[in-house]
$ cat protein06.csv   # CSV, C-alpha atoms
chain,number,residue,atom,x,y,z
G,162,MET,CA,-45.5,194.5,-37.1
G,163,SER,CA,-45.2,195.6,-40.7
G,164,ILE,CA,-48.3,196.1,-42.9
G,165,VAL,CA,-47.6,196.2,-46.6
G,166,ILE,CA,-50.1,197.3,-49.3
G,167,VAL,CA,-50.0,195.4,-52.6
G,168,THR,CA,-51.9,196.5,-55.7
G,169,ASP,CA,-51.7,196.1,-59.5
G,170,SER,CA,-50.6,198.7,-62.1
G,171,ALA,CA,-54.2,199.5,-63.1
G,172,SER,CA,-54.4,201.5,-59.9
G,173,ASP,CA,-52.5,204.3,-61.8
G,174,ILE,CA,-50.6,205.5,-58.7
G,175,ASP,CA,-47.7,207.9,-59.5
G,176,SER,CA,-44.5,205.8,-59.1
G,177,GLU,CA,-42.9,208.4,-56.8
G,178,LEU,CA,-45.9,208.4,-54.5
G,179,ARG,CA,-46.1,204.7,-54.6
G,180,GLU,CA,-42.5,204.2,-53.7
G,181,SER,CA,-42.6,206.8,-50.9
G,182,LEU,CA,-45.4,204.8,-49.2
G,183,GLY,CA,-43.9,201.4,-49.8
G,184,ILE,CA,-46.8,200.2,-52.0
G,185,VAL,CA,-45.9,197.1,-54.0
G,186,SER,CA,-47.4,197.1,-57.6
G,187,VAL,CA,-47.7,194.0,-59.8
G,188,PRO,CA,-47.9,195.1,-63.4
G,189,LEU,CA,-50.4,194.1,-66.1
G,190,LYS,CA,-49.3,193.8,-69.7
G,191,VAL,CA,-50.4,195.9,-72.7
G,192,MET,CA,-50.2,194.6,-76.3
G,193,PHE,CA,-50.1,196.4,-79.6
G,194,GLY,CA,-50.3,193.5,-82.0
G,195,ASP,CA,-47.1,191.5,-81.6
G,196,GLU,CA,-45.5,194.1,-79.3
G,197,THR,CA,-45.9,193.5,-75.6
G,198,TYR,CA,-45.2,196.1,-72.9
G,199,THR,CA,-45.2,196.0,-69.1
G,200,ASP,CA,-47.5,198.6,-67.7
G,201,GLY,CA,-45.5,201.3,-65.9
G,202,VAL,CA,-42.2,199.6,-66.6
G,203,THR,CA,-41.6,199.5,-70.4
G,204,ILE,CA,-44.5,201.8,-71.3
G,205,THR,CA,-45.7,205.0,-69.6
G,206,SER,CA,-49.1,206.8,-70.0
G,207,THR,CA,-47.5,209.4,-72.2
G,208,MET,CA,-45.9,206.8,-74.4
G,209,PHE,CA,-49.1,204.8,-74.6
G,210,PHE,CA,-51.3,207.7,-75.8
G,211,GLU,CA,-48.7,208.8,-78.3
G,212,LYS,CA,-48.5,205.2,-79.7
G,213,LEU,CA,-52.3,205.1,-79.8
G,214,LYS,CA,-52.4,208.2,-82.1
G,215,GLN,CA,-49.9,206.6,-84.4
G,216,THR,CA,-51.4,203.2,-84.9
G,217,ASP,CA,-54.6,201.6,-86.2
G,218,VAL,CA,-54.0,198.5,-84.0
G,219,LEU,CA,-56.4,198.4,-81.1
G,220,PRO,CA,-54.3,197.5,-78.0
G,221,THR,CA,-55.3,194.7,-75.6
G,222,THR,CA,-54.4,194.0,-72.0
G,223,SER,CA,-53.6,190.9,-70.0
G,224,GLN,CA,-53.6,190.3,-66.2
G,225,PRO,CA,-50.7,189.4,-64.0
G,226,SER,CA,-50.2,185.7,-63.5
G,227,PRO,CA,-50.5,184.0,-60.1
G,228,ILE,CA,-46.7,183.6,-60.2
G,229,ASP,CA,-46.3,187.4,-60.6
G,230,PHE,CA,-48.2,187.9,-57.4
G,231,ALA,CA,-46.5,185.0,-55.6
G,232,GLU,CA,-43.1,186.6,-56.4
G,233,ALA,CA,-44.3,189.9,-55.0
G,234,TYR,CA,-45.4,188.2,-51.8
G,235,LYS,CA,-42.1,186.4,-51.5
G,236,GLY,CA,-40.2,189.6,-52.0
G,237,ILE,CA,-42.2,191.3,-49.2
G,238,VAL,CA,-41.6,188.4,-46.8
G,239,GLU,CA,-37.8,188.5,-47.6
G,240,LYS,CA,-37.8,192.2,-46.8
G,241,HIS,CA,-40.1,192.4,-43.8
G,242,GLY,CA,-40.1,188.8,-42.3
G,243,ARG,CA,-42.8,186.1,-42.2
G,244,ASP,CA,-44.9,188.0,-39.6
G,245,VAL,CA,-45.6,190.8,-42.1
G,246,GLN,CA,-49.3,191.5,-42.8
G,247,ILE,CA,-50.2,191.9,-46.5
G,248,ILE,CA,-53.3,193.7,-47.8
G,249,VAL,CA,-53.9,193.2,-51.6
G,250,LEU,CA,-56.2,195.7,-53.4
G,251,THR,CA,-56.9,194.8,-57.0
G,252,LEU,CA,-58.7,196.1,-60.1
G,253,SER,CA,-62.4,195.1,-60.2
G,254,ALA,CA,-62.9,191.4,-60.7
G,255,ALA,CA,-65.8,192.3,-63.1
G,256,LEU,CA,-63.2,193.9,-65.4
G,257,SER,CA,-60.2,191.7,-65.1
G,258,GLY,CA,-58.9,188.3,-63.7
G,259,THR,CA,-56.3,190.1,-61.7
G,260,TYR,CA,-58.1,189.5,-58.4
G,261,GLN,CA,-58.3,185.8,-59.1
G,262,SER,CA,-54.5,185.7,-59.8
G,263,ALA,CA,-53.8,187.4,-56.5
G,264,VAL,CA,-56.1,184.8,-54.7
G,265,ILE,CA,-54.5,181.8,-56.4
G,266,ALA,CA,-51.0,183.2,-55.5
G,267,LYS,CA,-51.9,183.3,-51.9
G,268,SER,CA,-52.8,179.5,-52.0
G,269,MET,CA,-49.5,178.8,-53.8
G,270,MET,CA,-47.4,180.1,-50.9
G,271,GLU,CA,-45.6,177.3,-49.1
G,272,GLU,CA,-45.8,178.9,-45.7
G,273,GLU,CA,-48.9,180.3,-44.0
G,274,LEU,CA,-48.9,184.0,-44.4
G,275,ASP,CA,-51.2,186.8,-43.3
G,276,ILE,CA,-52.5,187.9,-46.7
G,277,THR,CA,-55.9,189.5,-47.3
G,278,VAL,CA,-57.0,190.0,-50.9
G,279,ILE,CA,-59.7,192.5,-51.7
G,280,ASP,CA,-61.6,193.0,-54.9
G,281,THR,CA,-62.1,196.7,-54.8
G,282,ARG,CA,-64.7,196.7,-57.6
G,283,LYS,CA,-63.1,199.9,-58.8
G,284,ALA,CA,-60.6,200.9,-61.5
G,285,SER,CA,-57.7,203.3,-62.1
G,286,PHE,CA,-56.9,205.8,-59.3
G,287,VAL,CA,-60.3,205.3,-57.8
G,288,PHE,CA,-58.8,202.3,-56.1
G,289,GLY,CA,-55.3,203.8,-56.4
G,290,MET,CA,-56.4,206.5,-54.0
G,291,LEU,CA,-57.6,203.8,-51.6
G,292,CYS,CA,-54.2,202.2,-51.8
G,293,VAL,CA,-52.6,205.5,-50.8
G,294,GLU,CA,-55.1,205.9,-47.9
G,295,ALA,CA,-54.4,202.4,-46.7
G,296,ALA,CA,-50.6,202.8,-46.9
G,297,GLN,CA,-50.8,206.1,-45.1
G,298,ALA,CA,-52.8,204.5,-42.3
G,299,ALA,CA,-50.2,201.8,-42.0
G,300,ARG,CA,-47.5,204.4,-41.7
G,301,GLU,CA,-49.6,206.1,-38.9
G,302,GLY,CA,-49.4,202.8,-37.0
G,303,LYS,CA,-53.1,201.8,-37.5
G,304,SER,CA,-53.9,198.1,-37.0
G,305,LYS,CA,-54.8,195.8,-39.9
G,306,GLN,CA,-58.4,195.8,-38.8
G,307,GLN,CA,-58.5,199.6,-38.6
G,308,ILE,CA,-57.1,199.7,-42.1
G,309,LEU,CA,-59.6,197.2,-43.4
G,310,ASP,CA,-62.4,199.2,-41.8
G,311,ARG,CA,-61.2,202.3,-43.6
G,312,ILE,CA,-61.1,200.4,-46.8
G,313,ASP,CA,-64.7,199.3,-46.4
G,314,HIS,CA,-65.8,202.9,-45.7
G,315,PHE,CA,-63.9,204.1,-48.8
G,316,LEU,CA,-65.4,201.5,-51.1
G,317,ASP,CA,-68.9,202.2,-49.8
G,318,SER,CA,-68.6,206.0,-50.0
G,319,VAL,CA,-66.4,207.0,-52.9
G,320,GLN,CA,-68.1,208.7,-55.8
G,321,VAL,CA,-66.7,208.3,-59.3
G,322,TYR,CA,-67.8,209.7,-62.7
G,323,PHE,CA,-66.1,209.3,-66.1
G,324,ILE,CA,-66.9,211.3,-69.2
G,325,VAL,CA,-65.4,209.8,-72.4
G,326,ASP,CA,-64.6,211.9,-75.4
G,327,THR,CA,-65.5,209.1,-77.9
G,328,LEU,CA,-67.5,205.9,-77.7
G,329,GLU,CA,-65.2,204.2,-80.2
G,330,PHE,CA,-62.9,202.4,-77.7
G,331,LEU,CA,-65.8,201.3,-75.5
G,332,GLN,CA,-67.5,199.8,-78.6
G,333,LYS,CA,-64.3,198.1,-79.9
G,334,GLY,CA,-63.7,196.7,-76.4
G,335,GLY,CA,-67.2,195.2,-76.3
G,336,ARG,CA,-68.6,197.5,-73.7
G,337,ILE,CA,-71.4,198.9,-75.9
G,338,GLY,CA,-72.9,197.9,-79.2
G,339,LYS,CA,-71.9,199.3,-82.6
G,340,ALA,CA,-75.2,200.9,-83.2
G,341,SER,CA,-75.2,202.7,-79.8
G,342,ALA,CA,-71.7,204.0,-80.5
G,343,LEU,CA,-72.7,205.3,-84.0
G,344,ILE,CA,-75.9,207.0,-82.8
G,345,GLY,CA,-74.2,208.4,-79.8
G,346,SER,CA,-71.4,209.9,-81.9
G,347,LEU,CA,-73.9,211.4,-84.4
G,348,LEU,CA,-75.9,213.0,-81.7
G,349,ASN,CA,-72.9,214.2,-79.7
G,350,ILE,CA,-74.2,212.2,-76.7
G,351,LYS,CA,-71.7,212.1,-73.8
G,352,PRO,CA,-72.4,209.2,-71.5
G,353,ILE,CA,-71.4,209.8,-67.9
G,354,LEU,CA,-70.1,206.5,-66.7
G,355,THR,CA,-69.6,205.2,-63.2
G,356,LEU,CA,-68.8,201.8,-61.6
G,357,ASP,CA,-71.8,200.0,-60.2
G,358,PRO,CA,-71.7,198.1,-56.8
G,359,ALA,CA,-70.5,194.9,-58.5
G,360,GLY,CA,-67.6,196.7,-60.2
G,361,TYR,CA,-69.0,196.9,-63.8
G,362,VAL,CA,-68.9,200.0,-65.9
G,363,SER,CA,-72.4,201.4,-66.0
G,364,ALA,CA,-74.2,204.6,-67.3
G,365,PHE,CA,-74.9,207.2,-64.7
G,366,ASP,CA,-76.6,209.6,-67.2
G,367,LYS,CA,-76.5,210.6,-70.9
G,368,VAL,CA,-76.4,214.2,-72.0
G,369,ARG,CA,-75.7,216.1,-75.2
G,370,GLY,CA,-72.4,217.9,-75.2
G,371,THR,CA,-69.4,218.0,-72.9
G,372,LYS,CA,-70.4,221.2,-71.1
G,373,LYS,CA,-73.7,219.6,-70.0
G,374,ALA,CA,-71.9,216.5,-69.0
G,375,ILE,CA,-69.6,218.4,-66.7
G,376,ALA,CA,-72.5,220.4,-65.2
G,377,ARG,CA,-74.3,217.2,-64.5
G,378,VAL,CA,-71.3,215.7,-62.7
G,379,MET,CA,-70.8,218.8,-60.6
G,380,GLU,CA,-74.5,218.6,-59.7
G,381,ALA,CA,-74.0,215.0,-58.5
G,382,LEU,CA,-70.9,215.9,-56.5
G,383,ARG,CA,-72.8,218.8,-54.8
G,384,GLU,CA,-75.6,216.4,-53.8
G,385,TYR,CA,-73.0,214.0,-52.3
G,386,ALA,CA,-70.7,216.4,-50.5
G,387,SER,CA,-73.2,219.0,-49.1
G,388,GLY,CA,-70.5,221.3,-47.7
G,389,GLN,CA,-68.4,218.6,-46.0
G,390,PRO,CA,-64.6,218.3,-46.3
G,391,VAL,CA,-63.6,216.0,-49.3
G,392,LYS,CA,-60.6,214.4,-50.9
G,393,VAL,CA,-60.6,214.7,-54.7
G,394,ALA,CA,-58.8,213.2,-57.7
G,395,MET,CA,-59.1,214.5,-61.2
G,396,LEU,CA,-58.2,211.9,-63.8
G,397,HIS,CA,-57.6,212.4,-67.5
G,398,SER,CA,-56.3,210.7,-70.6
G,399,ALA,CA,-54.1,213.0,-72.6
G,400,VAL,CA,-56.0,216.2,-71.7
G,401,PRO,CA,-54.0,217.6,-68.7
G,402,ASP,CA,-55.1,221.2,-69.2
G,403,GLN,CA,-58.8,220.4,-69.2
G,404,ALA,CA,-58.3,218.2,-66.1
G,405,ALA,CA,-56.4,221.0,-64.3
G,406,GLU,CA,-59.1,223.5,-65.1
G,407,HIS,CA,-61.9,221.2,-63.7
G,408,LEU,CA,-59.8,220.5,-60.6
G,409,ALA,CA,-59.4,224.2,-60.0
G,410,ALA,CA,-63.1,224.7,-60.3
G,411,ILE,CA,-63.8,221.9,-57.7
G,412,LYS,CA,-61.2,223.4,-55.3
G,413,ALA,CA,-62.9,226.8,-55.7
G,414,GLU,CA,-66.3,225.4,-54.8
G,415,PHE,CA,-65.7,222.5,-52.4
G,416,GLN,CA,-63.8,222.2,-49.1
G,417,VAL,CA,-61.0,220.1,-50.5
G,418,THR,CA,-58.5,218.7,-47.9
G,419,ASP,CA,-56.4,216.7,-50.4
G,420,SER,CA,-56.3,216.5,-54.2
G,421,TYR,CA,-54.6,214.6,-57.0
G,422,LEU,CA,-54.3,215.3,-60.7
G,423,LEU,CA,-53.3,212.2,-62.6
G,424,GLU,CA,-53.2,210.7,-66.1
G,425,ILE,CA,-54.8,207.3,-66.4
G,426,GLY,CA,-52.5,204.5,-67.3
G,427,PRO,CA,-52.3,202.3,-70.4
G,428,VAL,CA,-54.5,199.5,-69.1
G,429,ILE,CA,-57.6,201.7,-68.5
G,430,GLY,CA,-56.6,203.9,-71.4
G,431,THR,CA,-57.0,200.9,-73.7
G,432,HIS,CA,-60.7,200.7,-72.9
G,433,VAL,CA,-61.6,204.4,-72.9
G,434,GLY,CA,-59.1,206.1,-75.3
G,435,PRO,CA,-57.9,209.7,-75.2
G,436,GLY,CA,-60.0,212.6,-73.9
G,437,LEU,CA,-61.4,211.0,-70.8
G,438,LEU,CA,-62.2,213.1,-67.7
G,439,GLY,CA,-62.6,211.3,-64.4
G,440,PHE,CA,-64.0,212.8,-61.2
G,441,VAL,CA,-63.3,211.0,-57.9
G,442,MET,CA,-64.5,212.3,-54.6
G,443,ILE,CA,-64.8,211.0,-51.0
G,444,LYS,CA,-65.9,212.7,-47.8
G,445,ASP,CA,-62.8,213.2,-45.6

$ encode --input "protein06.csv" --output "structure tokens"
Amino acid sequence: MSIVIVTDSASDIDSELRESLGIVSVPLKVMFGDETYTDGVTITSTMFFEKLKQTDVLPTTSQPSPIDFAEAYKGIVEKHGRDVQIIVLTLSAALSGTYQSAVIAKSMMEEELDITVIDTRKASFVFGMLCVEAAQAAREGKSKQQILDRIDHFLDSVQVYFIVDTLEFLQKGGRIGKASALIGSLLNIKPILTLDPAGYVSAFDKVRGTKKAIARVMEALREYASGQPVKVAMLHSAVPDQAAEHLAAIKAEFQVTDSYLLEIGPVIGTHVGPGLLGFVMIKD
């Protein structure tokens, strides 16, 4: 019996990897004023950050519609048959209505299908890595329940920390107040962000300067991993060399069994801007 993983484009999975694992992605939209782009289809990460440099217009995003998800479900049934089991992993419902669209789409289907929709309460390749794990488990012949158990373990255990280069985009997107952004910029305060259990962006710590922020994140990862094998993802927005350097440092210190180096996509990039460094780690 086939098990298919469905996600949305905010999972930031490399297209080649996604296609090789048979993961189905439903794209969000990114708008620059009157111009609308389909995430991962008509605009790539590189194109997005180049465009961001050249415009004063703050981009916005919009979730897929229920019809978008319903079409994805229908396509899977046509390919794999009506006995297919579908697991849908979406961007945090605290950050987007994408989860709700996926749920509504399930109720729209004319025939009774085995569809499980999960609000991951995560963003970017934090839940993208989970999609990869789930799809690999399906390829290994694991049952749906075994895969759901692995998903639960991942969501409870994964550690994620983001360091943003500027507070401007968080402020413009309504994540922090204008005064906080101004004071933070003047004092060179680098907030270390994470995702709380409900899936909201929250502050893990605040330090002055990027070096201290990196050191604090590494300290937190050491406390978490304590010499155990880990899988790691290093995420960035338009700073690939910095990200590669930090990934190399993590590999030198930790027992890394699998690693990823990825640029975040336009959807998350809209809210954090360029210069972000993201650290994702889970015990293997």

$ closest_residue --input "protein06.csv" --among "G:Val187, G:Phe210, G:Arg243, G:Glu414" --to "Glu380 (chain G)" --atoms "all atoms listed in the file"
G:Glu414

$ atom_distance --input "protein06.csv" --atom1 "CA of Ser181 (chain G)" --atom2 "CA of Val428 (chain G)"
22.9 Å

$ atom_distance --input "protein06.csv" --atom1 "CA of Gln403 (chain G)" --atom2 "CA of Gly370 (chain G)"
15.1 Å

$ residues_around --input "protein06.csv" --residues "Ala381 (chain G)" --least-positions-apart "5" --cutoff "12 Å" --atoms "all atoms listed in the file" --output "PyMOL selection string"
chain G and resi 320-322+353+355+365-366+374-376+386-387+440-442

$ closest_residue --input "protein06.csv" --among "G:Leu316, G:Leu213, G:Ala171, G:Val165" --to "Thr251 (chain G)" --atoms "only C-alpha atoms"
G:Ala171

$ closest_residue --input "protein06.csv" --among "G:Ile164, G:Val391, G:Met290, G:Met379" --to "Tyr421 (chain G)" --atoms "only C-alpha atoms"
G:Met290

$ closest_residue --input "protein06.csv" --among "G:Ile204, G:Ile228, G:Val319, G:Ile184" --to "Val293 (chain G)" --atoms "all atoms listed in the file"
G:Ile184

$ residues_around --input "protein06.csv" --residues "Ala233 (chain G)" --least-positions-apart "2" --cutoff "12 Å" --atoms "all atoms listed in the file" --output "ChimeraX atom specification"
/G:165-169,184-188,225-231,235-240,247,249,263,266-267,270,276

$ closest_residue --input "protein06.csv" --among "G:Leu219, G:Leu274, G:Cys292, G:Leu189" --to "Thr431 (chain G)" --atoms "all atoms listed in the file"
G:Leu219

$ residues_near_point --input "protein06.csv" --point "(-50.3, 206.3, -55.8)" --cutoff "6 Å" --atoms "all atoms listed in the file" --output "PyMOL selection string"
chain G and resi 174-175+178-179+289+293

$ atom_distance --input "protein06.csv" --atom1 "CA of His407 (chain G)" --atom2 "CA of Thr371 (chain G)"
12.3 Å

$ closest_residue --input "protein06.csv" --among "G:Ala284, G:Ala295, G:Leu438, G:Leu423" --to "Arg311 (chain G)" --atoms "all atoms listed in the file"
G:Ala295

$ residues_around --input "protein06.csv" --residues "Phe315 (chain G)" --least-positions-apart "5" --cutoff "9 Å" --atoms "all atoms listed in the file" --output "ChimeraX atom specification"
/G:291,310,443-444

$ residues_around --input "protein06.csv" --residues "Gly439 (chain G)" --least-positions-apart "6" --cutoff "7 Å" --atoms "all atoms listed in the file" --output "number ranges by chain"
G: 322-324, 395-397

$ write_last_selection --input "protein06.csv" --atoms "C-alpha atoms" --output "compact mmCIF listing (two decimals), in the frame of the given file"
# COMPACT_ATOMS: atom_id res chain seq x y z
CA TYR G 322 -67.80 209.70 -62.70
CA PHE G 323 -66.10 209.30 -66.10
CA ILE G 324 -66.90 211.30 -69.20
CA MET G 395 -59.10 214.50 -61.20
CA LEU G 396 -58.20 211.90 -63.80
CA HIS G 397 -57.60 212.40 -67.50

$ residues_near_point --input "protein06.csv" --point "(-43.9, 192.6, -41.0)" --cutoff "6 Å" --atoms "only C-alpha atoms" --output "number ranges by chain"
G: 162-164, 241-242, 244-246
